[in-house]
$ cat coords.cif   # mmCIF, N, CA and C atoms
data_data
#
loop_
_atom_site.label_atom_id
_atom_site.label_comp_id
_atom_site.auth_asym_id
_atom_site.auth_seq_id
_atom_site.Cartn_x
_atom_site.Cartn_y
_atom_site.Cartn_z
N MET A 1 -183.09 -184.74 -46.04
CA MET A 1 -184.10 -185.58 -45.44
C MET A 1 -185.39 -184.78 -45.25
N SER A 2 -186.53 -185.44 -45.23
CA SER A 2 -187.80 -184.74 -45.07
C SER A 2 -188.24 -184.75 -43.62
N ASP A 3 -189.11 -183.80 -43.30
CA ASP A 3 -189.64 -183.71 -41.95
C ASP A 3 -190.73 -184.74 -41.74
N VAL A 4 -190.96 -185.10 -40.48
CA VAL A 4 -192.06 -186.00 -40.14
C VAL A 4 -193.35 -185.23 -40.35
N LYS A 5 -194.33 -185.86 -41.07
CA LYS A 5 -195.56 -185.14 -41.38
C LYS A 5 -196.76 -185.72 -40.66
N SER A 6 -197.33 -186.78 -41.17
CA SER A 6 -198.56 -187.30 -40.57
C SER A 6 -198.47 -188.81 -40.42
N ALA A 7 -199.51 -189.36 -39.79
CA ALA A 7 -199.55 -190.81 -39.61
C ALA A 7 -199.70 -191.52 -40.96
N LYS A 8 -200.21 -190.82 -41.97
CA LYS A 8 -200.39 -191.42 -43.29
C LYS A 8 -199.09 -191.45 -44.10
N GLN A 9 -198.08 -190.81 -43.62
CA GLN A 9 -196.81 -190.69 -44.35
C GLN A 9 -196.24 -192.03 -44.82
N PRO A 10 -196.21 -193.10 -43.99
CA PRO A 10 -195.62 -194.35 -44.47
C PRO A 10 -196.29 -194.87 -45.74
N PHE A 11 -197.63 -194.77 -45.81
CA PHE A 11 -198.32 -195.26 -47.00
C PHE A 11 -198.01 -194.38 -48.19
N GLY A 12 -197.94 -193.06 -47.96
CA GLY A 12 -197.57 -192.15 -49.03
C GLY A 12 -196.15 -192.38 -49.48
N ARG A 13 -195.26 -192.61 -48.54
CA ARG A 13 -193.86 -192.86 -48.87
C ARG A 13 -193.72 -194.18 -49.62
N ARG A 14 -194.45 -195.20 -49.19
CA ARG A 14 -194.41 -196.49 -49.88
C ARG A 14 -194.90 -196.34 -51.32
N ARG A 15 -195.96 -195.54 -51.47
CA ARG A 15 -196.49 -195.28 -52.81
C ARG A 15 -195.45 -194.54 -53.65
N ASP A 16 -194.72 -193.62 -53.03
CA ASP A 16 -193.65 -192.91 -53.74
C ASP A 16 -192.55 -193.86 -54.20
N VAL A 17 -192.17 -194.78 -53.34
CA VAL A 17 -191.14 -195.76 -53.69
C VAL A 17 -191.62 -196.59 -54.88
N LEU A 18 -192.86 -197.06 -54.83
CA LEU A 18 -193.40 -197.87 -55.91
C LEU A 18 -193.48 -197.07 -57.21
N ARG A 19 -193.94 -195.83 -57.12
CA ARG A 19 -194.01 -194.99 -58.32
C ARG A 19 -192.63 -194.76 -58.93
N MET A 20 -191.64 -194.56 -58.08
CA MET A 20 -190.28 -194.34 -58.54
C MET A 20 -189.79 -195.57 -59.31
N LEU A 21 -190.04 -196.75 -58.77
CA LEU A 21 -189.60 -197.98 -59.43
C LEU A 21 -190.37 -198.24 -60.72
N ARG A 22 -191.65 -197.89 -60.74
CA ARG A 22 -192.44 -198.07 -61.96
C ARG A 22 -191.96 -197.14 -63.07
N ALA A 23 -191.53 -195.96 -62.71
CA ALA A 23 -191.08 -194.98 -63.70
C ALA A 23 -189.66 -195.26 -64.20
N ALA A 24 -188.91 -196.02 -63.43
CA ALA A 24 -187.51 -196.29 -63.79
C ALA A 24 -187.42 -197.20 -65.01
N THR A 25 -186.41 -196.95 -65.83
CA THR A 25 -186.21 -197.78 -67.02
C THR A 25 -185.34 -198.99 -66.73
N SER A 26 -184.71 -199.00 -65.56
CA SER A 26 -183.88 -200.14 -65.15
C SER A 26 -183.99 -200.30 -63.63
N PRO A 27 -183.58 -201.46 -63.10
CA PRO A 27 -183.65 -201.66 -61.65
C PRO A 27 -182.86 -200.58 -60.90
N MET A 28 -183.35 -200.29 -59.68
CA MET A 28 -182.73 -199.25 -58.87
C MET A 28 -182.26 -199.83 -57.54
N SER A 29 -181.20 -199.25 -57.01
CA SER A 29 -180.70 -199.65 -55.70
C SER A 29 -181.45 -198.89 -54.62
N ILE A 30 -181.30 -199.35 -53.39
CA ILE A 30 -181.93 -198.68 -52.25
C ILE A 30 -181.41 -197.26 -52.14
N VAL A 31 -180.12 -197.08 -52.29
CA VAL A 31 -179.51 -195.75 -52.17
C VAL A 31 -180.04 -194.82 -53.26
N ALA A 32 -180.17 -195.32 -54.50
CA ALA A 32 -180.67 -194.49 -55.59
C ALA A 32 -182.10 -194.02 -55.33
N VAL A 33 -182.95 -194.92 -54.83
CA VAL A 33 -184.33 -194.55 -54.51
C VAL A 33 -184.34 -193.55 -53.37
N ALA A 34 -183.54 -193.80 -52.34
CA ALA A 34 -183.48 -192.90 -51.19
C ALA A 34 -183.01 -191.51 -51.60
N ASP A 35 -182.00 -191.44 -52.43
CA ASP A 35 -181.50 -190.15 -52.89
C ASP A 35 -182.56 -189.40 -53.70
N ALA A 36 -183.24 -190.11 -54.59
CA ALA A 36 -184.26 -189.48 -55.43
C ALA A 36 -185.43 -188.96 -54.61
N LEU A 37 -185.79 -189.68 -53.55
CA LEU A 37 -186.92 -189.28 -52.70
C LEU A 37 -186.49 -188.39 -51.53
N GLU A 38 -185.19 -188.23 -51.37
CA GLU A 38 -184.63 -187.43 -50.29
C GLU A 38 -185.05 -187.94 -48.92
N VAL A 39 -184.90 -189.27 -48.74
CA VAL A 39 -185.19 -189.91 -47.46
C VAL A 39 -184.01 -190.81 -47.11
N HIS A 40 -184.01 -191.31 -45.90
CA HIS A 40 -182.94 -192.20 -45.45
C HIS A 40 -183.09 -193.57 -46.12
N SER A 41 -181.98 -194.22 -46.38
CA SER A 41 -182.02 -195.53 -47.04
C SER A 41 -182.76 -196.57 -46.20
N ASN A 42 -182.73 -196.45 -44.86
CA ASN A 42 -183.48 -197.39 -44.02
C ASN A 42 -184.98 -197.26 -44.24
N THR A 43 -185.44 -196.05 -44.51
CA THR A 43 -186.86 -195.83 -44.81
C THR A 43 -187.24 -196.57 -46.09
N VAL A 44 -186.41 -196.43 -47.11
CA VAL A 44 -186.67 -197.10 -48.38
C VAL A 44 -186.60 -198.62 -48.20
N ARG A 45 -185.62 -199.09 -47.45
CA ARG A 45 -185.47 -200.53 -47.21
C ARG A 45 -186.72 -201.09 -46.53
N PHE A 46 -187.25 -200.37 -45.54
CA PHE A 46 -188.45 -200.78 -44.83
C PHE A 46 -189.62 -200.94 -45.81
N HIS A 47 -189.83 -199.94 -46.66
CA HIS A 47 -190.95 -200.00 -47.60
C HIS A 47 -190.72 -201.05 -48.69
N LEU A 48 -189.49 -201.21 -49.12
CA LEU A 48 -189.19 -202.24 -50.13
C LEU A 48 -189.47 -203.64 -49.58
N ASP A 49 -189.15 -203.87 -48.32
CA ASP A 49 -189.44 -205.18 -47.71
C ASP A 49 -190.92 -205.51 -47.84
N THR A 50 -191.78 -204.53 -47.53
CA THR A 50 -193.22 -204.74 -47.63
C THR A 50 -193.65 -204.92 -49.07
N LEU A 51 -193.14 -204.08 -49.97
CA LEU A 51 -193.51 -204.17 -51.38
C LEU A 51 -193.08 -205.50 -52.00
N VAL A 52 -191.93 -206.00 -51.61
CA VAL A 52 -191.47 -207.30 -52.10
C VAL A 52 -192.37 -208.41 -51.54
N SER A 53 -192.69 -208.34 -50.26
CA SER A 53 -193.50 -209.41 -49.64
C SER A 53 -194.93 -209.45 -50.20
N THR A 54 -195.42 -208.32 -50.70
CA THR A 54 -196.76 -208.30 -51.28
C THR A 54 -196.75 -208.54 -52.79
N GLY A 55 -195.56 -208.73 -53.35
CA GLY A 55 -195.45 -209.05 -54.77
C GLY A 55 -195.52 -207.85 -55.70
N ARG A 56 -195.44 -206.65 -55.15
CA ARG A 56 -195.53 -205.46 -56.00
C ARG A 56 -194.17 -205.03 -56.54
N VAL A 57 -193.11 -205.51 -55.90
CA VAL A 57 -191.74 -205.19 -56.32
C VAL A 57 -190.94 -206.49 -56.31
N ASP A 58 -190.02 -206.61 -57.26
CA ASP A 58 -189.13 -207.77 -57.32
C ASP A 58 -187.70 -207.34 -57.06
N GLN A 59 -186.98 -208.18 -56.32
CA GLN A 59 -185.55 -207.97 -56.16
C GLN A 59 -184.87 -208.70 -57.30
N VAL A 60 -183.95 -208.04 -57.98
CA VAL A 60 -183.28 -208.65 -59.13
C VAL A 60 -181.79 -208.76 -58.87
N ALA A 61 -181.17 -209.68 -59.58
CA ALA A 61 -179.73 -209.87 -59.43
C ALA A 61 -178.99 -208.69 -60.06
N PRO A 62 -178.04 -208.14 -59.34
CA PRO A 62 -177.29 -207.00 -59.88
C PRO A 62 -176.25 -207.46 -60.89
N ASP A 63 -175.80 -206.53 -61.71
CA ASP A 63 -174.66 -206.81 -62.59
C ASP A 63 -173.42 -206.72 -61.71
N ARG A 64 -172.92 -207.84 -61.31
CA ARG A 64 -171.81 -207.91 -60.36
C ARG A 64 -170.51 -207.55 -61.04
N LYS A 65 -169.84 -206.55 -60.51
CA LYS A 65 -168.55 -206.13 -61.07
C LYS A 65 -167.57 -205.94 -59.92
N GLY A 66 -166.79 -206.95 -59.68
CA GLY A 66 -165.75 -206.81 -58.67
C GLY A 66 -166.11 -207.43 -57.35
N PRO A 67 -165.16 -207.35 -56.40
CA PRO A 67 -165.36 -207.96 -55.09
C PRO A 67 -166.30 -207.13 -54.22
N GLY A 68 -166.69 -207.73 -53.11
CA GLY A 68 -167.53 -207.03 -52.15
C GLY A 68 -168.97 -207.47 -52.21
N ARG A 69 -169.74 -206.97 -51.27
CA ARG A 69 -171.15 -207.32 -51.19
C ARG A 69 -171.90 -206.69 -52.37
N PRO A 70 -172.71 -207.49 -53.08
CA PRO A 70 -173.44 -206.92 -54.22
C PRO A 70 -174.55 -205.98 -53.74
N VAL A 71 -174.81 -204.98 -54.53
CA VAL A 71 -175.87 -204.02 -54.24
C VAL A 71 -177.21 -204.69 -54.50
N LEU A 72 -178.18 -204.47 -53.62
CA LEU A 72 -179.53 -205.00 -53.83
C LEU A 72 -180.24 -204.10 -54.84
N MET A 73 -180.81 -204.71 -55.86
CA MET A 73 -181.48 -203.97 -56.92
C MET A 73 -182.95 -204.39 -56.98
N PHE A 74 -183.81 -203.43 -57.31
CA PHE A 74 -185.25 -203.66 -57.30
C PHE A 74 -185.91 -203.04 -58.53
N HIS A 75 -187.00 -203.67 -58.96
CA HIS A 75 -187.84 -203.07 -59.99
C HIS A 75 -189.29 -203.43 -59.70
N ALA A 76 -190.20 -202.62 -60.20
CA ALA A 76 -191.63 -202.86 -60.00
C ALA A 76 -192.02 -204.15 -60.73
N SER A 77 -192.88 -204.93 -60.12
CA SER A 77 -193.35 -206.18 -60.72
C SER A 77 -194.13 -205.87 -61.98
N ARG A 78 -194.01 -206.74 -62.95
CA ARG A 78 -194.70 -206.55 -64.23
C ARG A 78 -195.95 -207.42 -64.30
N ARG A 79 -196.52 -207.72 -63.16
CA ARG A 79 -197.74 -208.54 -63.14
C ARG A 79 -198.86 -207.73 -62.49
N MET A 80 -200.04 -208.31 -62.49
CA MET A 80 -201.19 -207.62 -61.94
C MET A 80 -200.96 -207.26 -60.48
N ASP A 81 -201.36 -206.07 -60.12
CA ASP A 81 -201.25 -205.60 -58.75
C ASP A 81 -202.43 -206.15 -57.96
N THR A 82 -202.16 -207.14 -57.10
CA THR A 82 -203.25 -207.78 -56.35
C THR A 82 -203.91 -206.83 -55.36
N GLY A 83 -203.25 -205.75 -55.02
CA GLY A 83 -203.85 -204.76 -54.12
C GLY A 83 -204.47 -203.61 -54.87
N GLY A 84 -204.50 -203.68 -56.18
CA GLY A 84 -204.99 -202.59 -57.01
C GLY A 84 -206.50 -202.53 -57.09
N PRO A 85 -206.99 -201.62 -57.92
CA PRO A 85 -208.45 -201.42 -58.03
C PRO A 85 -209.14 -202.63 -58.65
N ARG A 86 -210.37 -202.81 -58.28
CA ARG A 86 -211.19 -203.90 -58.82
C ARG A 86 -212.36 -203.28 -59.57
N HIS A 87 -212.63 -203.80 -60.73
CA HIS A 87 -213.74 -203.32 -61.54
C HIS A 87 -214.65 -204.51 -61.87
N TYR A 88 -215.22 -205.10 -60.83
CA TYR A 88 -216.03 -206.30 -61.01
C TYR A 88 -217.30 -206.03 -61.80
N ARG A 89 -217.89 -204.88 -61.60
CA ARG A 89 -219.13 -204.58 -62.33
C ARG A 89 -218.85 -204.52 -63.83
N LEU A 90 -217.76 -203.86 -64.20
CA LEU A 90 -217.39 -203.78 -65.61
C LEU A 90 -217.12 -205.17 -66.17
N LEU A 91 -216.40 -205.98 -65.42
CA LEU A 91 -216.12 -207.35 -65.86
C LEU A 91 -217.42 -208.14 -66.02
N ALA A 92 -218.33 -207.99 -65.08
CA ALA A 92 -219.62 -208.69 -65.16
C ALA A 92 -220.40 -208.24 -66.39
N GLU A 93 -220.37 -206.94 -66.70
CA GLU A 93 -221.07 -206.44 -67.88
C GLU A 93 -220.47 -207.01 -69.16
N ILE A 94 -219.15 -207.07 -69.22
CA ILE A 94 -218.47 -207.62 -70.40
C ILE A 94 -218.85 -209.09 -70.59
N LEU A 95 -218.78 -209.87 -69.50
CA LEU A 95 -219.10 -211.29 -69.59
C LEU A 95 -220.57 -211.52 -69.93
N ALA A 96 -221.47 -210.73 -69.32
CA ALA A 96 -222.90 -210.88 -69.59
C ALA A 96 -223.23 -210.52 -71.04
N THR A 97 -222.60 -209.47 -71.55
CA THR A 97 -222.83 -209.07 -72.95
C THR A 97 -222.38 -210.17 -73.89
N ASP A 98 -221.21 -210.75 -73.62
CA ASP A 98 -220.71 -211.83 -74.46
C ASP A 98 -221.63 -213.05 -74.37
N LEU A 99 -222.04 -213.39 -73.16
CA LEU A 99 -222.92 -214.56 -72.98
C LEU A 99 -224.24 -214.35 -73.70
N ALA A 100 -224.81 -213.14 -73.61
CA ALA A 100 -226.10 -212.86 -74.23
C ALA A 100 -226.02 -212.91 -75.75
N SER A 101 -224.84 -212.67 -76.31
CA SER A 101 -224.72 -212.66 -77.77
C SER A 101 -224.62 -214.07 -78.35
N ASN A 102 -224.47 -215.08 -77.53
CA ASN A 102 -224.36 -216.47 -77.99
C ASN A 102 -225.74 -217.07 -78.23
N ARG A 103 -225.77 -218.09 -79.11
CA ARG A 103 -227.01 -218.85 -79.27
C ARG A 103 -227.26 -219.64 -78.00
N ASP A 104 -228.48 -219.82 -77.65
CA ASP A 104 -228.88 -220.57 -76.46
C ASP A 104 -228.25 -219.97 -75.19
N ALA A 105 -228.30 -218.63 -75.10
CA ALA A 105 -227.69 -217.90 -74.00
C ALA A 105 -228.26 -218.33 -72.64
N GLU A 106 -229.55 -218.60 -72.58
CA GLU A 106 -230.17 -218.98 -71.30
C GLU A 106 -229.59 -220.28 -70.77
N ALA A 107 -229.45 -221.28 -71.62
CA ALA A 107 -228.91 -222.57 -71.19
C ALA A 107 -227.45 -222.42 -70.76
N LYS A 108 -226.68 -221.62 -71.49
CA LYS A 108 -225.29 -221.41 -71.13
C LYS A 108 -225.17 -220.67 -69.80
N ALA A 109 -226.06 -219.71 -69.57
CA ALA A 109 -226.04 -218.97 -68.31
C ALA A 109 -226.38 -219.89 -67.15
N LEU A 110 -227.38 -220.76 -67.33
CA LEU A 110 -227.72 -221.72 -66.27
C LEU A 110 -226.57 -222.68 -65.99
N ALA A 111 -225.92 -223.16 -67.04
CA ALA A 111 -224.79 -224.08 -66.87
C ALA A 111 -223.64 -223.39 -66.13
N ALA A 112 -223.38 -222.13 -66.49
CA ALA A 112 -222.31 -221.38 -65.82
C ALA A 112 -222.64 -221.17 -64.34
N GLY A 113 -223.88 -220.85 -64.04
CA GLY A 113 -224.29 -220.66 -62.65
C GLY A 113 -224.19 -221.93 -61.83
N ARG A 114 -224.58 -223.04 -62.43
CA ARG A 114 -224.49 -224.32 -61.72
C ARG A 114 -223.03 -224.71 -61.48
N ALA A 115 -222.18 -224.50 -62.48
CA ALA A 115 -220.75 -224.82 -62.32
C ALA A 115 -220.13 -223.97 -61.21
N TRP A 116 -220.52 -222.72 -61.17
CA TRP A 116 -220.01 -221.84 -60.11
C TRP A 116 -220.53 -222.28 -58.75
N GLY A 117 -221.80 -222.67 -58.69
CA GLY A 117 -222.40 -223.12 -57.43
C GLY A 117 -221.70 -224.34 -56.86
N VAL A 118 -221.27 -225.26 -57.72
CA VAL A 118 -220.56 -226.45 -57.26
C VAL A 118 -219.26 -226.04 -56.56
N GLN A 119 -218.59 -225.02 -57.07
CA GLN A 119 -217.35 -224.55 -56.46
C GLN A 119 -217.58 -223.93 -55.08
N LEU A 120 -218.77 -223.40 -54.85
CA LEU A 120 -219.08 -222.75 -53.57
C LEU A 120 -219.37 -223.75 -52.46
N LYS A 121 -219.74 -224.96 -52.82
CA LYS A 121 -220.07 -225.98 -51.83
C LYS A 121 -218.81 -226.34 -51.05
N PRO A 122 -218.86 -226.25 -49.72
CA PRO A 122 -217.66 -226.58 -48.94
C PRO A 122 -217.36 -228.07 -49.02
N PRO A 123 -216.08 -228.42 -48.98
CA PRO A 123 -215.73 -229.85 -49.02
C PRO A 123 -216.18 -230.55 -47.74
N ALA A 124 -216.43 -231.83 -47.87
CA ALA A 124 -216.83 -232.63 -46.71
C ALA A 124 -215.67 -232.67 -45.71
N PRO A 125 -215.97 -232.57 -44.42
CA PRO A 125 -214.88 -232.59 -43.43
C PRO A 125 -214.17 -233.94 -43.42
N THR A 126 -212.88 -233.87 -43.22
CA THR A 126 -212.08 -235.09 -43.13
C THR A 126 -211.73 -235.30 -41.66
N THR A 127 -211.11 -236.42 -41.36
CA THR A 127 -210.71 -236.68 -39.98
C THR A 127 -209.69 -235.66 -39.50
N ALA A 128 -208.91 -235.11 -40.46
CA ALA A 128 -207.91 -234.09 -40.08
C ALA A 128 -208.59 -232.80 -39.67
N ASP A 129 -209.84 -232.55 -40.19
CA ASP A 129 -210.56 -231.33 -39.85
C ASP A 129 -211.22 -231.40 -38.47
N ARG A 130 -211.40 -232.59 -37.96
CA ARG A 130 -212.06 -232.74 -36.66
C ARG A 130 -211.07 -232.44 -35.54
N LEU A 131 -211.55 -231.76 -34.53
CA LEU A 131 -210.69 -231.37 -33.42
C LEU A 131 -210.65 -232.45 -32.36
N ASP A 132 -209.54 -232.56 -31.69
CA ASP A 132 -209.38 -233.49 -30.57
C ASP A 132 -209.83 -232.77 -29.31
N PRO A 133 -210.93 -233.21 -28.66
CA PRO A 133 -211.43 -232.50 -27.48
C PRO A 133 -210.45 -232.48 -26.31
N PHE A 134 -209.52 -233.40 -26.28
CA PHE A 134 -208.56 -233.43 -25.18
C PHE A 134 -207.43 -232.43 -25.40
N LEU A 135 -207.11 -232.18 -26.66
CA LEU A 135 -206.03 -231.25 -26.97
C LEU A 135 -206.52 -229.82 -27.16
N GLU A 136 -207.75 -229.66 -27.68
CA GLU A 136 -208.28 -228.33 -27.97
C GLU A 136 -209.73 -228.22 -27.49
N PRO A 137 -209.96 -228.27 -26.17
CA PRO A 137 -211.34 -228.26 -25.68
C PRO A 137 -212.09 -226.97 -26.00
N ASP A 138 -211.41 -225.82 -25.96
CA ASP A 138 -212.11 -224.56 -26.21
C ASP A 138 -212.55 -224.46 -27.68
N LEU A 139 -211.73 -224.93 -28.60
CA LEU A 139 -212.11 -224.90 -30.01
C LEU A 139 -213.23 -225.89 -30.30
N CYS A 140 -213.23 -227.01 -29.61
CA CYS A 140 -214.32 -227.98 -29.77
C CYS A 140 -215.65 -227.39 -29.32
N LEU A 141 -215.63 -226.62 -28.23
CA LEU A 141 -216.86 -225.98 -27.75
C LEU A 141 -217.37 -224.97 -28.77
N VAL A 142 -216.47 -224.20 -29.36
CA VAL A 142 -216.87 -223.22 -30.37
C VAL A 142 -217.46 -223.94 -31.58
N GLN A 143 -216.82 -225.02 -32.01
CA GLN A 143 -217.31 -225.79 -33.15
C GLN A 143 -218.69 -226.37 -32.83
N PHE A 144 -218.86 -226.91 -31.62
CA PHE A 144 -220.13 -227.48 -31.22
C PHE A 144 -221.22 -226.41 -31.19
N ALA A 145 -220.89 -225.22 -30.68
CA ALA A 145 -221.87 -224.13 -30.61
C ALA A 145 -222.30 -223.72 -32.02
N ARG A 146 -221.38 -223.69 -32.93
CA ARG A 146 -221.74 -223.34 -34.32
C ARG A 146 -222.65 -224.39 -34.94
N GLN A 147 -222.39 -225.66 -34.65
CA GLN A 147 -223.22 -226.72 -35.19
C GLN A 147 -224.63 -226.64 -34.62
N VAL A 148 -224.74 -226.35 -33.34
CA VAL A 148 -226.06 -226.23 -32.70
C VAL A 148 -226.81 -225.03 -33.29
N ALA A 149 -226.10 -223.92 -33.48
CA ALA A 149 -226.73 -222.72 -34.02
C ALA A 149 -227.20 -222.92 -35.45
N ALA A 150 -226.50 -223.76 -36.20
CA ALA A 150 -226.84 -224.00 -37.60
C ALA A 150 -228.08 -224.90 -37.74
N THR A 151 -228.45 -225.60 -36.67
CA THR A 151 -229.60 -226.51 -36.78
C THR A 151 -230.89 -225.84 -36.37
#
$ encode --input "coords.cif" --output "structure tokens"
Amino acid sequence: MSDVKSAKQPFGRRRDVLRMLRAATSPMSIVAVADALEVHSNTVRFHLDTLVSTGRVDQVAPDRKGPGRPVLMFHASRRMDTGGPRHYRLLAEILATDLASNRDAEAKALAAGRAWGVQLKPPAPTTADRLDPFLEPDLCLVQFARQVAAT
């Protein structure tokens, strides 16, 4: 087992668990990950719970052989990491270069901007969005204050 190090250890340990699963050629059990990282299986279980809930790791069905409780098996998700790095500037450059290479690029750019602007417009409030002043008086006051401030 490893010694307690710093407050950042859980994130480093979680990253280690994820790296271990990404490097594995087949799904791994909690015990296998714990043994490889030289930590307690409860530590691995704790981090796997978070990784599964964030979609970075998937729990898979084990190859069941015989009676007893099946071993929980995990592998790294094969989809985009929603918590990973973002390269929006690069994406914007790629899209702008492609748009500029088209005929009538200015009209297409204006149409794209207008279509995007329509998506930004908030939907009209429905009766379900309105608060009941008798049931939620404090929230109604906050909503009223925001409306006054907006005018």
$ select_by_dssp --input "coords.cif" --residues "stretch 16-139 of chain A" --states "helix (DSSP H, G or I)" --output "JSON, numbers by chain"
{"A": [16, 17, 18, 19, 20, 21, 22, 23, 30, 31, 32, 33, 34, 35, 36, 37, 41, 42, 43, 44, 45, 46, 47, 48, 49, 50, 51, 52, 53, 88, 89, 90, 91, 92, 93, 94, 95, 96, 97, 98, 99, 100, 105, 106, 107, 108, 109, 110, 111, 112, 113, 114, 115, 116, 117, 118, 119, 120, 137, 138, 139]}
$ closest_residue --input "coords.cif" --among "A:Met20, A:Met28, A:Ala112, A:Val39" --to "A:Asp63" --atoms "only C-alpha atoms"
A:Met28
$ resolve_selection --input "coords.cif" --expression "the PyMOL selection byres ((chain A and resi 30) around 7)" --output "PyMOL selection string"
chain A and resi 28-29+31-35+41+44-45+71-74
$ write_last_selection --input "coords.cif" --atoms "N, CA and C atoms" --output "PDB file, keeping the file's coordinate frame"
ATOM      1  N   MET A  28    -183.350-200.290 -59.680  1.00  0.00           N
ATOM      2  CA  MET A  28    -182.730-199.250 -58.870  1.00  0.00           C
ATOM      3  C   MET A  28    -182.260-199.830 -57.540  1.00  0.00           C
ATOM      4  N   SER A  29    -181.200-199.250 -57.010  1.00  0.00           N
ATOM      5  CA  SER A  29    -180.700-199.650 -55.700  1.00  0.00           C
ATOM      6  C   SER A  29    -181.450-198.890 -54.620  1.00  0.00           C
ATOM      7  N   VAL A  31    -180.120-197.080 -52.290  1.00  0.00           N
ATOM      8  CA  VAL A  31    -179.510-195.750 -52.170  1.00  0.00           C
ATOM      9  C   VAL A  31    -180.040-194.820 -53.260  1.00  0.00           C
ATOM     10  N   ALA A  32    -180.170-195.320 -54.500  1.00  0.00           N
ATOM     11  CA  ALA A  32    -180.670-194.490 -55.590  1.00  0.00           C
ATOM     12  C   ALA A  32    -182.100-194.020 -55.330  1.00  0.00           C
ATOM     13  N   VAL A  33    -182.950-194.920 -54.830  1.00  0.00           N
ATOM     14  CA  VAL A  33    -184.330-194.550 -54.510  1.00  0.00           C
ATOM     15  C   VAL A  33    -184.340-193.550 -53.370  1.00  0.00           C
ATOM     16  N   ALA A  34    -183.540-193.800 -52.340  1.00  0.00           N
ATOM     17  CA  ALA A  34    -183.480-192.900 -51.190  1.00  0.00           C
ATOM     18  C   ALA A  34    -183.010-191.510 -51.600  1.00  0.00           C
ATOM     19  N   ASP A  35    -182.000-191.440 -52.430  1.00  0.00           N
ATOM     20  CA  ASP A  35    -181.500-190.150 -52.890  1.00  0.00           C
ATOM     21  C   ASP A  35    -182.560-189.400 -53.700  1.00  0.00           C
ATOM     22  N   SER A  41    -181.980-194.220 -46.380  1.00  0.00           N
ATOM     23  CA  SER A  41    -182.020-195.530 -47.040  1.00  0.00           C
ATOM     24  C   SER A  41    -182.760-196.570 -46.200  1.00  0.00           C
ATOM     25  N   VAL A  44    -186.410-196.430 -47.110  1.00  0.00           N
ATOM     26  CA  VAL A  44    -186.670-197.100 -48.380  1.00  0.00           C
ATOM     27  C   VAL A  44    -186.600-198.620 -48.200  1.00  0.00           C
ATOM     28  N   ARG A  45    -185.620-199.090 -47.450  1.00  0.00           N
ATOM     29  CA  ARG A  45    -185.470-200.530 -47.210  1.00  0.00           C
ATOM     30  C   ARG A  45    -186.720-201.090 -46.530  1.00  0.00           C
ATOM     31  N   VAL A  71    -174.810-204.980 -54.530  1.00  0.00           N
ATOM     32  CA  VAL A  71    -175.870-204.020 -54.240  1.00  0.00           C
ATOM     33  C   VAL A  71    -177.210-204.690 -54.500  1.00  0.00           C
ATOM     34  N   LEU A  72    -178.180-204.470 -53.620  1.00  0.00           N
ATOM     35  CA  LEU A  72    -179.530-205.000 -53.830  1.00  0.00           C
ATOM     36  C   LEU A  72    -180.240-204.100 -54.840  1.00  0.00           C
ATOM     37  N   MET A  73    -180.810-204.710 -55.860  1.00  0.00           N
ATOM     38  CA  MET A  73    -181.480-203.970 -56.920  1.00  0.00           C
ATOM     39  C   MET A  73    -182.950-204.390 -56.980  1.00  0.00           C
ATOM     40  N   PHE A  74    -183.810-203.430 -57.310  1.00  0.00           N
ATOM     41  CA  PHE A  74    -185.250-203.660 -57.300  1.00  0.00           C
ATOM     42  C   PHE A  74    -185.910-203.040 -58.530  1.00  0.00           C
TER      43      PHE A  74
END
$ resolve_selection --input "coords.cif" --expression "the PyMOL selection byres ((chain A and resi 49-57) around 5)" --output "count of residues only"
9
$ atom_distance --input "coords.cif" --atom1 "atom CA of A:Arg114" --atom2 "atom CA of A:Leu91"
19.4 Å
$ atom_distance --input "coords.cif" --atom1 "atom C of A:Val60" --atom2 "atom N of A:Ala24"
15.3 Å
$ select_by_dssp --input "coords.cif" --residues "stretch 50-131 of chain A" --states "strand (DSSP E)" --output "VMD selection string"
chain A and resid 57 to 60 73 to 76
$ atom_distance --input "coords.cif" --atom1 "atom N of A:Thr25" --atom2 "atom C of A:His87"
29.5 Å
